[in-house]
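K.L.:
Structure file model-v3.tsv (TSV, C-alpha atoms) right here:
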chain	number	residue	atom	x	y	z
A	651	MET	CA	106.87	67.87	120.76
A	652	LYS	CA	104.94	69.27	117.81
A	653	TYR	CA	104.48	72.99	117.21
A	654	ALA	CA	102.13	74.86	114.88
A	655	ILE	CA	104.06	77.96	113.85
A	656	PHE	CA	101.87	80.73	112.49
A	657	GLY	CA	101.78	84.49	112.15
A	658	ASP	CA	100.44	87.55	110.37
A	659	VAL	CA	96.92	86.93	111.65
A	660	HIS	CA	96.16	90.64	111.26
A	661	SER	CA	92.97	90.58	113.30
A	662	ASN	CA	91.35	88.03	110.99
A	663	TYR	CA	88.92	86.42	113.41
A	664	GLU	CA	87.54	83.86	110.97
A	665	ALA	CA	91.01	82.61	110.01
A	666	LEU	CA	92.17	82.40	113.62
A	667	THR	CA	89.12	80.54	114.90
A	668	THR	CA	89.41	78.00	112.07
A	669	PHE	CA	93.11	77.53	112.89
A	670	LEU	CA	92.40	77.08	116.59
A	671	ALA	CA	89.73	74.48	115.79
A	672	TYR	CA	92.45	72.62	113.88
A	673	ILE	CA	94.73	72.87	116.92
A	674	ASP	CA	91.96	71.47	119.14
A	675	SER	CA	91.48	68.53	116.80
A	676	ASN	CA	95.19	67.68	117.05
A	677	PRO	CA	96.01	67.17	120.75
A	678	GLY	CA	99.58	67.94	121.72
A	679	LEU	CA	100.07	70.54	119.00
A	680	GLN	CA	101.49	73.75	120.57
A	681	PRO	CA	100.77	77.01	118.68
A	682	ILE	CA	103.54	79.63	118.48
A	683	CYS	CA	103.06	83.04	116.84
A	684	VAL	CA	105.72	84.90	114.85
A	685	GLY	CA	103.88	88.18	115.27
A	686	ASP	CA	101.33	90.60	113.87
A	687	ILE	CA	98.09	89.71	115.54
A	688	ALA	CA	97.13	93.37	114.94
A	689	GLY	CA	96.48	95.35	111.78
A	690	TYR	CA	94.43	95.15	108.57
A	691	SER	CA	91.21	93.46	109.70
A	692	SER	CA	88.47	94.26	112.16
A	693	ARG	CA	88.71	92.25	115.39
A	694	PRO	CA	92.03	92.79	117.20
A	695	ASN	CA	90.58	92.42	120.71
A	696	GLU	CA	89.03	89.04	119.99
A	697	CYS	CA	92.19	87.72	118.36
A	698	ILE	CA	94.45	88.86	121.17
A	699	GLN	CA	92.08	87.30	123.69
A	700	PHE	CA	92.35	83.94	121.93
A	701	LEU	CA	96.16	83.97	122.05
A	702	LEU	CA	96.14	84.91	125.72
A	703	GLU	CA	93.66	82.17	126.57
A	704	ARG	CA	95.90	79.64	124.86
A	705	LYS	CA	99.04	81.04	126.54
A	706	THR	CA	100.57	81.23	123.08
A	707	PRO	CA	104.26	82.25	122.85
A	708	TRP	CA	104.36	85.32	120.63
A	709	ALA	CA	106.98	87.67	119.19
A	710	ALA	CA	106.17	91.29	118.37
A	711	GLY	CA	105.30	92.14	114.78
A	712	ASN	CA	105.54	95.59	113.26
A	713	HIS	CA	101.75	96.07	113.38
A	714	ASP	CA	101.69	94.95	117.02
A	715	TYR	CA	104.46	97.46	117.72
A	716	ALA	CA	102.75	100.27	115.78
A	717	MET	CA	99.69	100.00	118.00
A	718	PHE	CA	101.60	101.97	120.64
A	719	CYS	CA	104.65	103.30	118.75
A	720	GLU	CA	103.62	106.14	116.46
A	721	LYS	CA	107.08	106.35	114.91
A	722	GLU	CA	106.66	102.83	113.50
A	723	ARG	CA	103.51	104.03	111.74
A	724	GLU	CA	105.66	106.26	109.55
A	725	ASN	CA	106.61	103.10	107.64
A	726	PHE	CA	102.99	102.20	106.84
A	727	ASN	CA	101.03	102.86	103.66
A	728	ILE	CA	97.84	104.89	103.94
A	729	PHE	CA	95.57	101.84	104.19
A	730	ALA	CA	97.58	100.08	106.89
A	731	LEU	CA	97.92	103.36	108.77
A	732	GLU	CA	94.17	103.99	108.71
A	733	VAL	CA	93.46	100.60	110.25
A	734	ILE	CA	96.18	100.83	112.90
A	735	GLU	CA	94.95	104.23	114.03
A	736	TRP	CA	91.39	102.90	114.27
A	737	GLN	CA	92.50	99.77	116.11
A	738	ALA	CA	94.55	101.81	118.58
A	739	GLY	CA	91.32	103.59	119.48
A	740	VAL	CA	89.27	100.44	120.06
A	741	LEU	CA	91.89	98.18	121.64
A	742	LEU	CA	91.28	97.35	125.29
A	743	PRO	CA	93.92	98.94	127.57
A	744	GLU	CA	94.97	95.58	129.01
A	745	TYR	CA	95.61	94.25	125.51
A	746	LEU	CA	97.64	97.30	124.59
A	747	ALA	CA	99.79	96.53	127.63
A	748	VAL	CA	100.28	92.99	126.31
A	749	LEU	CA	101.52	94.35	122.99
A	750	GLU	CA	103.88	96.76	124.72
A	751	ASN	CA	105.56	93.85	126.52
A	752	LEU	CA	106.01	91.44	123.62
A	753	PRO	CA	109.62	90.38	122.96
A	754	PHE	CA	111.16	90.92	119.53
A	755	THR	CA	112.67	87.42	119.54
A	756	LEU	CA	111.93	84.22	121.41
A	757	GLN	CA	113.93	81.06	121.79
A	758	ILE	CA	111.71	77.97	121.90
A	759	ASP	CA	114.47	75.61	122.97
A	760	GLU	CA	118.14	75.04	122.17
A	761	SER	CA	117.30	74.24	118.55
A	762	ALA	CA	114.72	76.84	117.47
A	763	SER	CA	113.94	80.53	117.80
A	764	ILE	CA	111.45	83.01	116.33
A	765	THR	CA	111.26	86.64	115.32
A	766	HIS	CA	108.86	88.56	113.13
A	767	SER	CA	111.18	89.81	110.45
A	768	ASP	CA	114.96	89.53	110.60
A	769	PHE	CA	117.25	88.15	113.30
A	770	SER	CA	120.03	90.62	112.53
A	771	ALA	CA	117.91	93.67	113.46
A	772	PRO	CA	114.58	92.46	114.90
A	773	LYS	CA	113.47	95.92	116.08
A	774	GLU	CA	113.81	97.36	112.57
A	775	PHE	CA	111.36	94.92	110.96
A	776	LEU	CA	113.44	94.39	107.83
A	777	TYR	CA	112.04	92.22	105.05
A	778	VAL	CA	113.70	88.92	104.14
A	779	THR	CA	112.85	88.36	100.48
A	780	ASP	CA	116.07	87.11	98.85
A	781	LEU	CA	119.22	85.13	99.52
A	782	GLU	CA	121.30	88.12	100.61
A	783	GLU	CA	118.72	89.23	103.17
A	784	ALA	CA	118.29	85.64	104.34
A	785	ALA	CA	122.05	85.32	104.84
A	786	ALA	CA	122.15	88.39	107.08
A	787	SER	CA	119.30	87.03	109.20
A	788	MET	CA	120.69	83.49	109.41
A	789	ASN	CA	124.16	84.65	110.38
A	790	ALA	CA	122.57	86.34	113.39
A	791	MET	CA	120.17	83.47	114.16
A	792	PRO	CA	121.04	81.94	117.56
A	793	THR	CA	119.75	78.44	116.78
A	794	PRO	CA	119.93	75.95	113.89
A	795	LEU	CA	116.25	76.55	113.11
A	796	GLY	CA	114.53	79.93	112.96
A	797	PHE	CA	111.01	81.04	112.12
A	798	PHE	CA	109.93	84.46	110.86
A	799	GLY	CA	107.00	86.16	109.14
A	800	HIS	CA	106.39	89.66	107.75
A	801	THR	CA	106.34	88.81	104.02
A	802	HIS	CA	103.17	86.65	104.19
A	803	ILE	CA	104.75	84.12	101.82
A	804	PRO	CA	105.76	80.58	102.91
A	805	VAL	CA	109.37	79.80	102.10
A	806	VAL	CA	112.44	78.02	103.49
A	807	TYR	CA	116.05	79.23	103.32
A	808	THR	CA	118.90	76.85	104.07
A	809	GLN	CA	122.52	77.37	105.07
A	810	PRO	CA	125.31	74.84	105.71
A	811	ALA	CA	125.79	74.11	109.40
A	812	ASP	CA	129.55	74.20	108.82
A	813	PRO	CA	130.62	77.75	109.87
A	814	SER	CA	133.19	77.86	107.06
A	815	LYS	CA	130.40	77.58	104.48
A	816	LYS	CA	127.95	80.16	105.85
A	817	GLU	CA	127.73	81.91	102.48
A	818	GLY	CA	126.07	78.86	100.87
A	819	ILE	CA	122.48	80.10	101.21
A	820	ASP	CA	119.79	78.33	99.20
A	821	ILE	CA	116.00	78.59	98.90
A	822	ILE	CA	113.26	75.98	98.94
A	823	HIS	CA	109.92	77.06	97.51
A	824	VAL	CA	106.84	75.72	99.29
A	825	GLU	CA	104.29	74.11	96.98
A	826	GLY	CA	101.04	72.22	97.41
A	827	ASP	CA	98.55	71.76	100.23
A	828	GLU	CA	100.81	69.68	102.46
A	829	PHE	CA	104.48	70.26	101.76
A	830	ALA	CA	106.74	68.09	103.93
A	831	LEU	CA	110.43	68.77	104.48
A	832	PRO	CA	112.69	66.50	106.57
A	833	LEU	CA	115.41	68.49	108.35
A	834	ASP	CA	119.03	67.69	107.53
A	835	ASP	CA	121.58	67.81	110.37
A	836	GLY	CA	124.04	69.36	107.93
A	837	LEU	CA	121.87	72.44	107.37
A	838	ARG	CA	120.44	75.40	109.24
A	839	TYR	CA	116.94	76.58	108.35
A	840	LEU	CA	115.14	79.92	108.22
A	841	VAL	CA	111.42	79.28	107.76
A	842	ASN	CA	108.47	81.52	106.94
A	843	PRO	CA	105.14	79.76	107.62
A	844	GLY	CA	103.19	82.22	105.45
A	845	SER	CA	100.23	84.20	106.74
A	846	LEU	CA	97.22	82.97	108.65
A	847	GLY	CA	95.06	86.04	108.03
A	848	GLN	CA	96.33	87.71	104.85
A	849	PRO	CA	98.28	85.38	102.52
A	850	ARG	CA	100.06	87.05	99.62
A	851	ASP	CA	101.15	84.10	97.48
A	852	GLY	CA	98.02	83.93	95.36
A	853	ASP	CA	96.31	81.38	97.63
A	854	PRO	CA	93.73	82.93	99.99
A	855	ARG	CA	93.74	79.95	102.37
A	856	SER	CA	95.50	80.29	105.72
A	857	SER	CA	99.10	79.12	105.74
A	858	PHE	CA	101.12	77.75	108.65
A	859	VAL	CA	103.79	75.12	109.34
A	860	ILE	CA	103.94	72.20	111.73
A	861	TRP	CA	107.36	71.56	113.22
A	862	ASP	CA	107.80	68.07	114.62
A	863	ALA	CA	110.81	68.51	116.88
A	864	GLU	CA	111.16	64.79	117.60
A	865	GLU	CA	110.86	63.62	114.00
A	866	ARG	CA	112.78	66.69	112.73
A	867	ARG	CA	110.29	67.49	110.03
A	868	LEU	CA	108.44	70.55	108.75
A	869	THR	CA	105.00	70.23	107.18
A	870	PHE	CA	103.37	73.27	105.60
A	871	ARG	CA	99.56	73.30	105.67
A	872	ARG	CA	96.76	75.35	104.10
A	873	LEU	CA	93.34	75.75	105.71
A	874	GLU	CA	90.10	76.90	104.14
A	875	TYR	CA	88.22	79.40	106.28
A	876	ASP	CA	85.19	81.60	105.75
A	877	ASN	CA	86.97	84.54	104.16
A	878	ARG	CA	83.65	85.83	102.77
A	879	ALA	CA	82.38	86.28	106.31
A	880	GLU	CA	85.60	88.07	107.26
A	881	TYR	CA	85.32	90.22	104.13
A	882	ARG	CA	81.78	91.31	105.08
A	883	HIS	CA	82.81	92.06	108.65
A	884	MET	CA	85.71	94.20	107.42
A	885	LEU	CA	83.43	96.26	105.20
A	886	GLU	CA	80.93	96.70	108.05
A	887	ALA	CA	83.79	98.01	110.20
A	888	LYS	CA	84.70	100.52	107.45
A	889	ILE	CA	88.05	98.83	106.75
A	890	PRO	CA	89.37	100.03	103.34
A	891	SER	CA	87.81	97.83	100.66
A	892	MET	CA	91.23	97.12	99.10
A	893	LEU	CA	92.31	95.35	102.27
A	894	ALA	CA	89.09	93.36	102.42
A	895	GLU	CA	89.46	92.28	98.80
A	896	ARG	CA	93.00	91.04	99.43
A	897	ILE	CA	91.82	88.24	101.71
A	898	LEU	CA	89.53	86.96	98.96
A	899	GLU	CA	92.33	86.77	96.39
A	900	GLY	CA	95.41	86.02	98.49
A	901	TYR	CA	97.57	88.94	97.40
Show how you would write the structure in this file as structure tokens.
P.N.:
Amino acid sequence: MKYAIFGDVHSNYEALTTFLAYIDSNPGLQPICVGDIAGYSSRPNECIQFLLERKTPWAAGNHDYAMFCEKERENFNIFALEVIEWQAGVLLPEYLAVLENLPFTLQIDESASITHSDFSAPKEFLYVTDLEEAAASMNAMPTPLGFFGHTHIPVVYTQPADPSKKEGIDIIHVEGDEFALPLDDGLRYLVNPGSLGQPRDGDPRSSFVIWDAEERRLTFRRLEYDNRAEYRHMLEAKIPSMLAERILEGY
């Protein structure tokens, strides 16, 4: 089985439709979302509809959660808050109900699981940005392979499978348009596929990862999409211009 792990779409319709066209051109590729279909851009209803039509497994992101949990909005900056409050007003009631029922973690099979942020406290949406934070998440990870999002930056953390060496966390930086990584039976992996709709690693192209469960291999991919069209649509919807500019620059 092959899976396309993606997340942090953030209502970016152009990025999502381009990604789904890629899925359609690769039969047998199952999409799985690590969260945050909502937030930042202008078409949350359309993006949620696509995931529902594809019956896409999906873990709750902090922006998904904030659509109905006002306390979560206290953690947002003024730009993110403005968009979430607007989206909460335009979201279809049936889609709000979908967001309210999303799980914080999902187990794909006996070897892999997903969450949006951190396995040690998935409801708190903590950031994993260094080895110490990765260690806390991996020590709570229920499977040898875990996928997360939230930072919008593709990266891989590794940890020895031997329980006596759990402190031996390392990092693998993702580089290039098609970065392949064979999985080692002697390691556990915590993987961020990057962001589909708002990358923040200096590359504005959509980022996701293909996990080939049979071949035990990860392949990170980048996709060009019409971010200029998305930019114009965001401005027409009165989304803060700073957020629209981010998708052009990848920051």
K.L.:
Have a look at atom CA of Ile819 of chain A and atom CA of Ser845 of chain A and let me know their distance in Å, one decimal.
P.N.:
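Taking atom CA of Ile819 of chain A and atom CA of Ser845 of chain A, their separation equals 23.3 Å.
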K.L.:
In terms of the shortest atom-to-atom distance over all atoms listed in the file, which of A:Ala785, A:Glu750, A:Val841, A:Ile758 is closest to Phe797 of chain A?
P.N.:
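For Phe797 of chain A, the nearest of the candidates is A:Val841.
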K.L.:
At what distance in Å, to one decimal, does atom CA of Pro890 of chain A lie from atom CA of Ala710 of chain A?
P.N.:
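Atom-to-atom, atom CA of Ala710 of chain A to atom CA of Pro890 of chain A, that is 24.2 Å.
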K.L.:
Between A:Pro854, A:Pro677, A:Pro843, A:Gly711, which residue has the minimum interatomic distance to Ile897 of chain A, considering all atoms listed in the file?
P.N.:
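Once distances to Ile897 of chain A are computed over all atoms listed in the file, the minimum belongs to A:Pro854.
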K.L.:
Please provide the set of residues having any atom within 9 Å of Ile698 of chain A, restricted to all atoms listed in the file, with same-chain residues fewer than 6 positions apart removed, written as a PyMOL selection string.
P.N.:
chain A and resi 661+687-688+745+748
